[in-house]
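Worksheet: one structure, shown below.
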Amino acid sequence: MIVRVLFLFFLAGPVYAQVPTDSLIHYQLGDIVVSPTDGTSSEGSSVSTTQRIRLAQIAQADAASIDKVLLRIPSAHVQTNSRGETLIYLRGSGERQVSLFFDGALLNVPWDNRVDLSLIPSEVVGEISISKGVPSVLYGANVLGGAINMTSRQLRNQGSFSQLTGILGSQGSQQARLTWLQRTKQFQSTIFVGISDQDGFSLPKEVELPHSQGSDALRTNTDRRMRSFFGEVSFDATNDLKIGVSLLRFDGHKGIAPEGHISPIEGNVRYWRYPSWATNMAIISGEYSSRFGQLRGAAWISHFGQTIVQYSDESYTDERKSQMDQDDTYGIRLTYLRDFENSGSIRAATTLIGSTHDQKDVEIGHHSLQRLFSQRILSNGIEYIRGDAFKLTLGASMDLLMTPKTGDKPARGSQMGYGFTTGVSYDFSERFKLRAVIGRKTRFPTMRELFGEALGRFLLNPDLKEESSLLSEVAATIHHQDTDLEVIAFFNRSYNTIGQQMVMLPSESRPRRKRVNLEGSRVFGIESTIHTSIIPSLRLSCSLTVMRSREVTANGTQPLVESPSWIGWCDTNYRFRSGLSLIVESHYSANAYGLGLDNQLISLPNSFVINTRISWLIVYGKYSLELFGRVNNLNDEIVLPQLGLPGPGRELHGGLQVTF
């Protein structure tokens with residue numbers, strides 16, 4: 001209803017102003033520093049791969065949540081698991097090996113070292129920075145598979161910027177957003193409010209789901225409601241001192257699609273709903289520069305709460321169990337940068353993250369069980385960089401995990417991990433650059449992996465060891481006129497990878513899952529990305545990653561589960577002189593396997609999805625109105641990243657955006 005009212009307001013009101021695109025920048029105070037020069041860009045400074053998604057690319061996705069935007073990351077695989085969580089995997093990494101940050105503060109919930117991307121609003125994000133290969137030691141622990149830092153929007157110049165957006169779509173989807181930014185000589189302010197509803201997502205016509213799916217085209221139990229708010233104020237106290245305070249909240253409720261390939265008689269199907277889900281975060285950040293170097297800091301507190309309700313069947317009327325989680329997290333990160341002119345530069349970081357997980361399990365007709373878990377992670381890292389055209393990077397880090405409270409489980413000792421980075425790069429010219437890096441990273445087992453039973457779905461294994469990986473890559477970058485080409489060959493060797501096995505207990509008729517340390521894995525791949533302007537009005541961006549991802553076993557190797565060997569995307573953007581714009585997007589995924597109930601690998605179908613977007617931009621001075629329409633999965637392709645959990649079929653969206 002709110003979106004329909006907003007539409008009427010748009011149609012009845014005047015055309016408003018638009019601040020030019022280049023006057024928007026991302027928030028810098030809380031950013032994780034990856035450059036020894038300015039702290040905001042790693043191009044030309046970081047030896048490892050750093051890629052960025054700009055504001056225009058985020059806006060053109062027309063997505064309520066950030067998961068649709070992250071599909072543009074080269075080698076990224078995004079999928080929704082049986083818990084209803086949408087996660088990202090980079091270069092065949094594991095589901096808990098990628099850490100996400102917002103303005104430098106950790107978004108991952110430490111209990112599980114994951115965050116549901118489908119509930120993070122995209123509109124509040126101004127830029128996304130992705131670190132792959134061997135991520136900088138400044139990111140701290142548990143970034144074995146990469147780090148993604150999302151930064152909020154700010155104005156570059158003094159003035160104000162306001163934007164209203166309304167979107168309606170198929171299956172009852174609707175979005176309404178308000179963004180307001182203002183900048184004076186010393187102050188910068190940002191406010192964002194958004195709401196999004198959806199009755200569920202549609203299914204491709206040819207998909208086969210023999211269980212837990214009705215005859216209609218709407219996927220069972222996939223409704224969702226999101227609400228989000230972000231507010232930020234930053235202050236330039238002096239030329240050398242900057243301080244910022246921001247508040248972030250997003251909450252909602254949603255259903256979780258049941259695994260449609262499993263009969264509830266033969267396996268444990270998750271008939272789950274999240275009646276409540278919310279994250280609240282407060283961030284204080286600062287930056288101080290002096291002749292002794294630059295000191296940056298970010299401190300944050302966050303509260304995450306969710307309720308999971310398990311039902312007896314697909315009718316979702318008979319409640320059997322529920323789980324209520326409360327996670328309180330605090331963190332502080334201090335980074336120091338010092339340039340010694342002709343002697344190179346040093347960057348160092350210290351990060352402390354503490355978290356408490358309060359879990360209450362309730363089974364109808366039985367006593368409830370409440371448990372308290374906690375952990376502390378301390379990370380220290382230092383990097384030395386020297387050179388200009390020829391650059392050398394050396395780095396080392398040490399991480400420590402402690403679990404003071406283990407609920408009703410036995411106490412555990414602390415765990416320690418270490419990492420290192422060695423990299424070189426050489427700029428042959430402005431057009432051709434070459435770099436190589438090798439390093440080691442670790443990831444500690446999460447509290448959920450150690451102590452979580454998922455309402456009886458998992459068996460415990462408190463003896464899990466930390467994962468570790470040797471990571472390496474060699475990359476060549478070519479720039480010629482309006483064309484940028486990057487080709488990266490990478491090889492990752494992981495040890496003690498935490499995976500799952502199906503276990504049948506003698507007293508039970510259905511198997512349960514158990515987390516175990518596997519021998520490890522080997523991932524070799526080539527990632528290539530090109531951006532080019534064929535003509536001034538036609539822009540082409542494409543990426544293709546080919547990987548060989550293998551799990552190492554006592555009997556040899558086998559494919560990693562749910563890790564495609566081919567991942568690619570291509571975006572074509574054509575702008576007409578009349579203000580019309582046409583975008584055609586394609587996503588390709590192939591050669592992946594799922595894990596059956598008998599621990600056997602099952603081949604997953606390949607997918608090639610086409611999306612289209614057409615828009616008309618009307619500009620009058622500094623005022624603009626954009627009308628747009630989008631069709632996702634135009635070809636109604638079956639996308640099956642995990643057995644029994646297909647992605648959406650064809651979906652239509654249309655809306656308008658007023659900027660003043």
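For the structure tokens, the naming scheme is as follows: chains receive sequential letters (A, B, ...) according to their order of presentation, residues are indexed from 1 within each chain, and ligands are indexed from 1 in presentation order.
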Sorted by chain and rising residue number, list the residues of range 470-534 of chain A at most 7 Å from range 420-438 of chain A (counting only C-alpha atoms), each with its closest atom pair and distance in Å to one decimal, as JSON lines.
{"residue": "A:Leu471", "atom": "CA", "partner": "A:Ile438", "partner_atom": "CA", "distance": 5.6}
{"residue": "A:Ser472", "atom": "CA", "partner": "A:Ile438", "partner_atom": "CA", "distance": 4.2}
{"residue": "A:Glu473", "atom": "CA", "partner": "A:Val437", "partner_atom": "CA", "distance": 5.6}
{"residue": "A:Val474", "atom": "CA", "partner": "A:Ala436", "partner_atom": "CA", "distance": 4.3}
{"residue": "A:Ala475", "atom": "CA", "partner": "A:Arg435", "partner_atom": "CA", "distance": 5.4}
{"residue": "A:Ala476", "atom": "CA", "partner": "A:Leu434", "partner_atom": "CA", "distance": 4.6}
{"residue": "A:Thr477", "atom": "CA", "partner": "A:Lys433", "partner_atom": "CA", "distance": 5.1}
{"residue": "A:Ile478", "atom": "CA", "partner": "A:Phe432", "partner_atom": "CA", "distance": 4.7}
{"residue": "A:His479", "atom": "CA", "partner": "A:Arg431", "partner_atom": "CA", "distance": 4.5}
{"residue": "A:His480", "atom": "CA", "partner": "A:Arg431", "partner_atom": "CA", "distance": 6.0}
Can I get the selection written as a short mmCIF file (atom, residue, chain, number, x, y, z; two decimals), in the first residue's frame, with N, CA and C atoms?
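Okay, this is what ended up in selection-v1.cif:
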data_model
loop_
_atom_site.label_atom_id
_atom_site.label_comp_id
_atom_site.auth_asym_id
_atom_site.auth_seq_id
_atom_site.Cartn_x
_atom_site.Cartn_y
_atom_site.Cartn_z
N LEU A 471 47.36 -19.56 -0.20
CA LEU A 471 46.68 -18.84 -1.27
C LEU A 471 47.72 -18.21 -2.19
N SER A 472 47.49 -18.28 -3.47
CA SER A 472 48.43 -17.68 -4.42
C SER A 472 47.71 -17.22 -5.66
N GLU A 473 48.26 -16.21 -6.32
CA GLU A 473 47.71 -15.73 -7.58
C GLU A 473 48.78 -14.98 -8.36
N VAL A 474 48.64 -15.02 -9.67
CA VAL A 474 49.47 -14.25 -10.60
C VAL A 474 48.52 -13.53 -11.53
N ALA A 475 48.70 -12.22 -11.69
CA ALA A 475 47.74 -11.42 -12.45
C ALA A 475 48.44 -10.48 -13.41
N ALA A 476 47.81 -10.28 -14.56
CA ALA A 476 48.26 -9.32 -15.56
C ALA A 476 47.12 -8.36 -15.86
N THR A 477 47.43 -7.06 -15.90
CA THR A 477 46.44 -6.03 -16.17
C THR A 477 46.86 -5.24 -17.40
N ILE A 478 45.93 -5.08 -18.33
CA ILE A 478 46.20 -4.34 -19.56
C ILE A 478 45.19 -3.21 -19.68
N HIS A 479 45.69 -2.01 -19.92
CA HIS A 479 44.83 -0.84 -20.14
C HIS A 479 45.17 -0.23 -21.48
N HIS A 480 44.17 -0.11 -22.34
CA HIS A 480 44.38 0.50 -23.65
C HIS A 480 43.16 1.32 -24.02
#
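For Val233 in chain A, the non-local neighbours within 12 Å, defined as residues at least 4 positions apart in the same chain or in other chains and counting only C-alpha atoms, are Tyr27, Leu29, Ser152, Arg153, Gln154, Leu181, Gln182, Arg183, Thr184, Gln186, Phe187, Gln188, Ser189, Thr190, Ile191, Lys242, Ile243, Gly244, Val245, Ser246, Leu247, Ala282, Ile283, Ile284, Ser285 and Gly286 of chain A.
Nearest to Ser469 in chain A of all the residues A:Gly439, A:Pro605, A:Pro258, A:Gly556 is A:Gly439, based on only C-alpha atoms.
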Near Asp251 in chain A, within 7 Å and counting only C-alpha atoms, which residues show up once chain neighbours fewer than 5 positions away are dropped, as a list in words?
Met226, Arg227, Ser228, Trp277, Ala278 and Thr279 of chain A
For those residues, write C-alpha atoms to a file as a compact mmCIF listing (two decimals), in the first residue's frame.
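Result went into part-v1.txt, see below:
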# COMPACT_ATOMS: atom_id res chain seq x y z
CA MET A 226 12.12 -5.79 5.14
CA ARG A 227 12.48 -2.45 6.88
CA SER A 228 15.73 -0.51 7.08
CA TRP A 277 14.94 -10.94 12.43
CA ALA A 278 16.75 -7.70 13.28
CA THR A 279 20.21 -6.14 13.36
Taking only C-alpha atoms into account, name the residue in A:Phe608, A:Trp566, A:Phe628, A:Phe340 that is nearest to Gly654 in chain A.
A:Phe628
Counting only C-alpha atoms, which residues of range 98-159 of chain A fall within 8 Å of range 59-82 of chain A, and what is the closest atom pair for each with its distance in Å at one decimal, ordered by chain and rising number, as JSON lines?
{"residue": "A:Leu117", "atom": "CA", "partner": "A:Asp67", "partner_atom": "CA", "distance": 5.2}
{"residue": "A:Ser118", "atom": "CA", "partner": "A:Ser65", "partner_atom": "CA", "distance": 5.2}
{"residue": "A:Leu119", "atom": "CA", "partner": "A:Ser65", "partner_atom": "CA", "distance": 5.9}
{"residue": "A:Ile120", "atom": "CA", "partner": "A:Ser65", "partner_atom": "CA", "distance": 5.2}
{"residue": "A:Pro121", "atom": "CA", "partner": "A:Ser65", "partner_atom": "CA", "distance": 4.4}
{"residue": "A:Ser122", "atom": "CA", "partner": "A:Ile66", "partner_atom": "CA", "distance": 4.5}
{"residue": "A:Glu123", "atom": "CA", "partner": "A:Ala59", "partner_atom": "CA", "distance": 7.1}
{"residue": "A:Ile130", "atom": "CA", "partner": "A:Ile73", "partner_atom": "CA", "distance": 7.9}
Go ahead and dump the residues you just picked, all heavy atoms, as a PDB file, in the first residue's frame.
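Written file, selection39.pdb:
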ATOM      1  N   LEU A 117      22.554 -12.054   3.277  1.00  0.00           N
ATOM      2  CA  LEU A 117      22.642 -10.936   2.345  1.00  0.00           C
ATOM      3  C   LEU A 117      21.275 -10.480   1.855  1.00  0.00           C
ATOM      4  O   LEU A 117      21.118  -9.324   1.437  1.00  0.00           O
ATOM      5  CB  LEU A 117      23.501 -11.334   1.141  1.00  0.00           C
ATOM      6  CG  LEU A 117      24.937 -11.755   1.453  1.00  0.00           C
ATOM      7  CD1 LEU A 117      25.621 -12.270   0.199  1.00  0.00           C
ATOM      8  CD2 LEU A 117      25.719 -10.596   2.043  1.00  0.00           C
ATOM      9  N   SER A 118      20.286 -11.348   1.899  1.00  0.00           N
ATOM     10  CA  SER A 118      18.963 -10.994   1.384  1.00  0.00           C
ATOM     11  C   SER A 118      18.241  -9.993   2.272  1.00  0.00           C
ATOM     12  O   SER A 118      17.176  -9.484   1.903  1.00  0.00           O
ATOM     13  CB  SER A 118      18.101 -12.248   1.221  1.00  0.00           C
ATOM     14  OG  SER A 118      17.749 -12.796   2.483  1.00  0.00           O
ATOM     15  N   LEU A 119      18.792  -9.686   3.457  1.00  0.00           N
ATOM     16  CA  LEU A 119      18.155  -8.740   4.369  1.00  0.00           C
ATOM     17  C   LEU A 119      18.999  -7.481   4.583  1.00  0.00           C
ATOM     18  O   LEU A 119      18.706  -6.679   5.468  1.00  0.00           O
ATOM     19  CB  LEU A 119      17.869  -9.413   5.713  1.00  0.00           C
ATOM     20  CG  LEU A 119      16.781 -10.492   5.664  1.00  0.00           C
ATOM     21  CD1 LEU A 119      16.692 -11.231   6.995  1.00  0.00           C
ATOM     22  CD2 LEU A 119      15.431  -9.915   5.291  1.00  0.00           C
ATOM     23  N   ILE A 120      20.047  -7.286   3.763  1.00  0.00           N
ATOM     24  CA  ILE A 120      20.861  -6.073   3.833  1.00  0.00           C
ATOM     25  C   ILE A 120      20.408  -5.136   2.720  1.00  0.00           C
ATOM     26  O   ILE A 120      20.496  -5.477   1.541  1.00  0.00           O
ATOM     27  CB  ILE A 120      22.352  -6.392   3.681  1.00  0.00           C
ATOM     28  CG1 ILE A 120      22.820  -7.312   4.816  1.00  0.00           C
ATOM     29  CG2 ILE A 120      23.182  -5.109   3.685  1.00  0.00           C
ATOM     30  CD1 ILE A 120      24.262  -7.737   4.690  1.00  0.00           C
ATOM     31  N   PRO A 121      19.902  -3.950   3.036  1.00  0.00           N
ATOM     32  CA  PRO A 121      19.390  -3.045   1.988  1.00  0.00           C
ATOM     33  C   PRO A 121      20.515  -2.548   1.080  1.00  0.00           C
ATOM     34  O   PRO A 121      21.601  -2.198   1.551  1.00  0.00           O
ATOM     35  CB  PRO A 121      18.767  -1.902   2.794  1.00  0.00           C
ATOM     36  CG  PRO A 121      19.464  -1.930   4.119  1.00  0.00           C
ATOM     37  CD  PRO A 121      19.779  -3.369   4.386  1.00  0.00           C
ATOM     38  N   SER A 122      20.256  -2.506  -0.214  1.00  0.00           N
ATOM     39  CA  SER A 122      21.279  -2.085  -1.171  1.00  0.00           C
ATOM     40  C   SER A 122      21.376  -0.567  -1.283  1.00  0.00           C
ATOM     41  O   SER A 122      22.451  -0.034  -1.588  1.00  0.00           O
ATOM     42  CB  SER A 122      20.975  -2.679  -2.553  1.00  0.00           C
ATOM     43  OG  SER A 122      19.727  -2.203  -3.037  1.00  0.00           O
ATOM     44  N   GLU A 123      20.280   0.132  -1.038  1.00  0.00           N
ATOM     45  CA  GLU A 123      20.235   1.566  -1.288  1.00  0.00           C
ATOM     46  C   GLU A 123      21.171   2.348  -0.377  1.00  0.00           C
ATOM     47  O   GLU A 123      21.649   3.427  -0.744  1.00  0.00           O
ATOM     48  CB  GLU A 123      18.801   2.083  -1.110  1.00  0.00           C
ATOM     49  CG  GLU A 123      18.586   3.514  -1.514  1.00  0.00           C
ATOM     50  CD  GLU A 123      18.515   3.696  -3.024  1.00  0.00           C
ATOM     51  OE1 GLU A 123      18.564   2.682  -3.745  1.00  0.00           O
ATOM     52  OE2 GLU A 123      18.418   4.841  -3.481  1.00  0.00           O
ATOM     53  N   ILE A 130      36.033  -5.318  -2.803  1.00  0.00           N
ATOM     54  CA  ILE A 130      36.212  -6.758  -2.631  1.00  0.00           C
ATOM     55  C   ILE A 130      37.693  -7.087  -2.653  1.00  0.00           C
ATOM     56  O   ILE A 130      38.405  -6.719  -3.590  1.00  0.00           O
ATOM     57  CB  ILE A 130      35.486  -7.550  -3.755  1.00  0.00           C
ATOM     58  CG1 ILE A 130      34.016  -7.150  -3.822  1.00  0.00           C
ATOM     59  CG2 ILE A 130      35.637  -9.046  -3.531  1.00  0.00           C
ATOM     60  CD1 ILE A 130      33.704  -6.141  -4.911  1.00  0.00           C
TER      61      ILE A 130
END
Give me, please, the distance in Å between CA of Arg249 in chain A and CA of Asp328 in chain A, quoted to one decimal.
14.2 Å
Quick check for you: according to DSSP on this backbone, which residues of range 68-187 of chain A are classed as strand (DSSP E or B)? Reply as a PyMOL selection string.
chain A and resi 76-80+86-90+98-102+105-106+109+114+121+125-131+146-155+159-169+174-183+187
Leaving out Asp463 in chain A and any residue of its chain fewer than 3 positions from it, which residues lie within 12 Å of it when counting only C-alpha atoms, given as a list in words?
Lys409, Pro410, Ala411, Arg412, Gly413, Gln415, Phe444, Pro445, Thr446, Met447, Glu449, Leu450, Phe451, Leu460, Glu466, Asn496, Ile498, Lys514, Arg515, Val516 and Asn517 of chain A
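Comparing A:Ile567, A:Leu400, A:Ile353, A:Leu597 by their smallest distance to Cys542 in chain A, the closest is A:Ile567 (using only C-alpha atoms).
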Residues near Tyr495 in chain A, cut-off 12 Å, only C-alpha atoms, skip fewer than 2 positions along chain, as an NGL selection string
:A and (144 or 440-443 or 465-471 or 492-493 or 497-499 or 517-523 or 551-553)
Mind writing the picked residues with N, CA, C and O atoms as a JSON list (two decimals), in the first residue's frame?
[["chain", "number", "residue", "atom", "x", "y", "z"],
["A", 144, "LEU", "N", 39.77, -15.96, 5.15],
["A", 144, "LEU", "CA", 40.47, -16.93, 4.31],
["A", 144, "LEU", "C", 39.95, -16.91, 2.88],
["A", 144, "LEU", "O", 40.70, -17.08, 1.92],
["A", 440, "ARG", "N", 49.29, -17.12, 3.52],
["A", 440, "ARG", "CA", 48.58, -18.11, 4.33],
["A", 440, "ARG", "C", 47.55, -17.42, 5.19],
["A", 440, "ARG", "O", 47.83, -16.35, 5.76],
["A", 441, "LYS", "N", 46.36, -18.02, 5.31],
["A", 441, "LYS", "CA", 45.29, -17.50, 6.15],
["A", 441, "LYS", "C", 44.65, -18.65, 6.91],
["A", 441, "LYS", "O", 44.70, -19.82, 6.48],
["A", 442, "THR", "N", 44.01, -18.34, 8.04],
["A", 442, "THR", "CA", 43.29, -19.34, 8.83],
["A", 442, "THR", "C", 41.87, -18.87, 9.10],
["A", 442, "THR", "O", 41.57, -17.68, 9.05],
["A", 443, "ARG", "N", 41.01, -19.83, 9.39],
["A", 443, "ARG", "CA", 39.65, -19.55, 9.86],
["A", 443, "ARG", "C", 39.32, -20.47, 11.02],
["A", 443, "ARG", "O", 39.44, -21.69, 10.92],
["A", 465, "LYS", "N", 39.01, -28.56, 14.23],
["A", 465, "LYS", "CA", 40.22, -27.76, 14.16],
["A", 465, "LYS", "C", 39.98, -26.55, 13.25],
["A", 465, "LYS", "O", 39.02, -26.52, 12.47],
["A", 466, "GLU", "N", 40.86, -25.57, 13.34],
["A", 466, "GLU", "CA", 40.76, -24.42, 12.45],
["A", 466, "GLU", "C", 41.17, -24.80, 11.03],
["A", 466, "GLU", "O", 42.00, -25.68, 10.81],
["A", 467, "GLU", "N", 40.53, -24.15, 10.07],
["A", 467, "GLU", "CA", 40.90, -24.32, 8.67],
["A", 467, "GLU", "C", 42.11, -23.44, 8.35],
["A", 467, "GLU", "O", 42.31, -22.40, 8.97],
["A", 468, "SER", "N", 42.90, -23.84, 7.38],
["A", 468, "SER", "CA", 44.01, -23.01, 6.91],
["A", 468, "SER", "C", 44.15, -23.19, 5.41],
["A", 468, "SER", "O", 43.75, -24.22, 4.85],
["A", 469, "SER", "N", 44.72, -22.19, 4.75],
["A", 469, "SER", "CA", 44.89, -22.25, 3.30],
["A", 469, "SER", "C", 46.18, -21.55, 2.90],
["A", 469, "SER", "O", 46.54, -20.50, 3.45],
["A", 470, "LEU", "N", 46.85, -22.13, 1.93],
["A", 470, "LEU", "CA", 47.91, -21.45, 1.20],
["A", 470, "LEU", "C", 47.26, -20.87, -0.05],
["A", 470, "LEU", "O", 46.67, -21.60, -0.86],
["A", 471, "LEU", "N", 47.36, -19.56, -0.20],
["A", 471, "LEU", "CA", 46.68, -18.84, -1.27],
["A", 471, "LEU", "C", 47.72, -18.21, -2.19],
["A", 471, "LEU", "O", 48.71, -17.64, -1.71],
["A", 492, "ASN", "N", 44.61, -22.29, -4.68],
["A", 492, "ASN", "CA", 44.40, -22.32, -3.24],
["A", 492, "ASN", "C", 44.43, -23.77, -2.75],
["A", 492, "ASN", "O", 43.74, -24.62, -3.30],
["A", 493, "ARG", "N", 45.23, -24.01, -1.74],
["A", 493, "ARG", "CA", 45.30, -25.33, -1.11],
["A", 493, "ARG", "C", 44.87, -25.21, 0.33],
["A", 493, "ARG", "O", 45.53, -24.55, 1.14],
["A", 497, "THR", "N", 39.56, -28.52, 6.07],
["A", 497, "THR", "CA", 38.32, -27.87, 5.68],
["A", 497, "THR", "C", 37.15, -28.48, 6.45],
["A", 497, "THR", "O", 37.03, -29.69, 6.57],
["A", 498, "ILE", "N", 36.29, -27.61, 6.98],
["A", 498, "ILE", "CA", 35.13, -28.07, 7.74],
["A", 498, "ILE", "C", 33.99, -28.35, 6.77],
["A", 498, "ILE", "O", 33.50, -27.45, 6.08],
["A", 499, "GLY", "N", 33.58, -29.60, 6.70],
["A", 499, "GLY", "CA", 32.50, -30.01, 5.82],
["A", 499, "GLY", "C", 31.44, -30.78, 6.58],
["A", 499, "GLY", "O", 31.42, -30.79, 7.82],
["A", 517, "ASN", "N", 36.26, -32.28, 10.06],
["A", 517, "ASN", "CA", 37.42, -31.75, 9.34],
["A", 517, "ASN", "C", 37.79, -32.71, 8.22],
["A", 517, "ASN", "O", 38.08, -33.88, 8.47],
["A", 518, "LEU", "N", 37.75, -32.20, 7.01],
["A", 518, "LEU", "CA", 38.12, -33.01, 5.85],
["A", 518, "LEU", "C", 39.61, -32.88, 5.59],
["A", 518, "LEU", "O", 40.31, -32.05, 6.20],
["A", 519, "GLU", "N", 40.11, -33.71, 4.69],
["A", 519, "GLU", "CA", 41.53, -33.64, 4.35],
["A", 519, "GLU", "C", 41.91, -32.26, 3.82],
["A", 519, "GLU", "O", 43.02, -31.79, 4.02],
["A", 520, "GLY", "N", 40.97, -31.62, 3.15],
["A", 520, "GLY", "CA", 41.24, -30.30, 2.59],
["A", 520, "GLY", "C", 40.74, -30.23, 1.16],
["A", 520, "GLY", "O", 39.95, -31.06, 0.70],
["A", 521, "SER", "N", 41.17, -29.23, 0.45],
["A", 521, "SER", "CA", 40.72, -29.04, -0.93],
["A", 521, "SER", "C", 41.80, -28.35, -1.74],
["A", 521, "SER", "O", 42.71, -27.71, -1.20],
["A", 522, "ARG", "N", 41.66, -28.47, -3.05],
["A", 522, "ARG", "CA", 42.52, -27.77, -4.01],
["A", 522, "ARG", "C", 41.63, -27.04, -5.00],
["A", 522, "ARG", "O", 40.72, -27.64, -5.57],
["A", 523, "VAL", "N", 41.87, -25.76, -5.19],
["A", 523, "VAL", "CA", 41.11, -24.97, -6.15],
["A", 523, "VAL", "C", 42.09, -24.25, -7.06],
["A", 523, "VAL", "O", 42.91, -23.45, -6.60],
["A", 551, "GLU", "N", 37.83, -31.70, -3.59],
["A", 551, "GLU", "CA", 38.03, -32.10, -2.20],
["A", 551, "GLU", "C", 39.04, -33.23, -2.15],
["A", 551, "GLU", "O", 38.97, -34.19, -2.94],
["A", 552, "VAL", "N", 40.01, -33.12, -1.26],
["A", 552, "VAL", "CA", 41.04, -34.15, -1.11],
["A", 552, "VAL", "C", 40.56, -35.19, -0.10],
["A", 552, "VAL", "O", 40.19, -34.86, 1.02],
["A", 553, "THR", "N", 40.54, -36.45, -0.51],
["A", 553, "THR", "CA", 40.10, -37.55, 0.35],
["A", 553, "THR", "C", 41.20, -38.59, 0.46],
["A", 553, "THR", "O", 42.22, -38.52, -0.25]]
Counting only C-alpha atoms, which residue out of A:Ser509, A:Gln500, A:Ser581, A:Asn221 sits closest to Arg270 in chain A?
A:Asn221
